[in-house]
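To keep things clear, I will list the structure first and then write my remarks on it.
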Amino acid sequence: MIENFLRPPGHPAEWIADALRVAGALSVAALFIWSTVTDAGILALALPALLIPRFIGARPAFDIFFGVAVLVAAWSNVLDLYTTVPGWDLIVHFVCTGAIAAMTYLTLVGFNVVPSPQAAGARRRTPVVIVIAVGLAASAVWEMVEWAGKTFVTSEIFVTYDDTIGDMVAGGLGGVVAAIVVARVRLIRD
């Protein structure tokens with residue numbers, strides 16, 4: 001994994017993926033200077049996630065997709081898009097949770113916890129079951145973080161029962177789509 005992380009980008013798409021990581025770090029710094037500590041903290045939560053594709057050797061297209069999904073989710077909170085754009089919350093939960101579920105599975109592949117979907121003799125149902133479960137779990141954790149933020153940080157975070165359940169359904173469906181993709185598409189470099 002360290003070799004993947006330290007390997008210099010060799011393809012334009014790899015440069016774009018690395019530029020997204022830099023943009024995430026610069027966004028946190030900018031928010032610390034020109035916005036609130038809460039906004040900077042929200043974006044800072046995205047930074048570790050942006051590094052994961054580099055460590056596991058994700059293919060550049062998936063690395064870019066994942067980085068954009070994570071940054072859009074974080075910036076949507078900072079820009080208050082979740083409450084001002086109807087349906088935006090469900091779209092982001094669907095896309096980002098699916099991306100996170102797929103990336104989690106691939107990270108487990110990197111640690112030899114689960115088999116690579118492309119390994120000889122690998123069963124396609126293994127990533128399907130695990131990615132769906134991870135998607136549902138990630139949805140639940142995401143909602144717990146929102147609740148904790150509203151309860152302990154700021155009452156400005158929008159949390160209602162219907163919103164929570166809707167977000168979890170959207171995230172779970174994102175996990176289903178991600179499971180199919182992980183089972184059928186090579187998302188890690190050779």
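Here's how to read the names in the structure tokens: chain A, B, ... by the order shown, residue numbers from 1 in each chain, ligand numbers from 1 in the order shown.
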
If you count only C-alpha atoms, which residues fall within 10 Å of A:Ala23, apart from same-chain ones fewer than 6 positions away, as a CSV table (one decimal) with N, CA, C and O atoms, in the first residue's frame?
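The new file around-v1.csv reads:
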```csv
chain,number,residue,atom,x,y,z
A,17,ALA,N,-6.7,13.1,-10.1
A,17,ALA,CA,-7.1,12.5,-8.8
A,17,ALA,C,-6.3,13.2,-7.7
A,17,ALA,O,-6.8,13.5,-6.6
A,29,ALA,N,-8.1,24.7,4.5
A,29,ALA,CA,-7.3,25.9,4.9
A,29,ALA,C,-8.1,27.1,4.6
A,29,ALA,O,-8.2,28.0,5.5
A,47,LEU,N,-10.8,14.6,4.3
A,47,LEU,CA,-9.4,14.5,3.9
A,47,LEU,C,-8.9,13.0,4.0
A,47,LEU,O,-8.2,12.5,3.0
A,71,LEU,N,-15.9,15.1,-1.9
A,71,LEU,CA,-15.9,16.5,-1.8
A,71,LEU,C,-17.2,17.2,-2.0
A,71,LEU,O,-17.6,18.1,-1.3
```

Leaving out stretch 127-134 of chain A and any residue of its chain fewer than 3 positions from it, which residues lie within 10 Å of it when counting only C-alpha atoms, given as JSON, numbers by chain? {"A": [97, 98, 99, 100, 101, 102, 103, 104, 105, 106, 109, 114, 115, 116, 117, 122, 123, 124, 137, 138, 139, 140, 171, 172, 173, 174, 175, 176, 177, 178, 179, 180, 181, 182, 183, 184]}

Would you return as a PyMOL selection string the members of stretch 9-159 of chain A that DSSP assigns to alpha helix (DSSP H) on this structure's backbone? chain A and resi 12-34+37-44+46-56+60-78+81-84+88-110+125-148

Kindly indicate which residue among A:Val159, A:Arg59, A:Lys150, A:Val85 lies nearest to A:His11, using only C-alpha atoms for the distances. A:Arg59
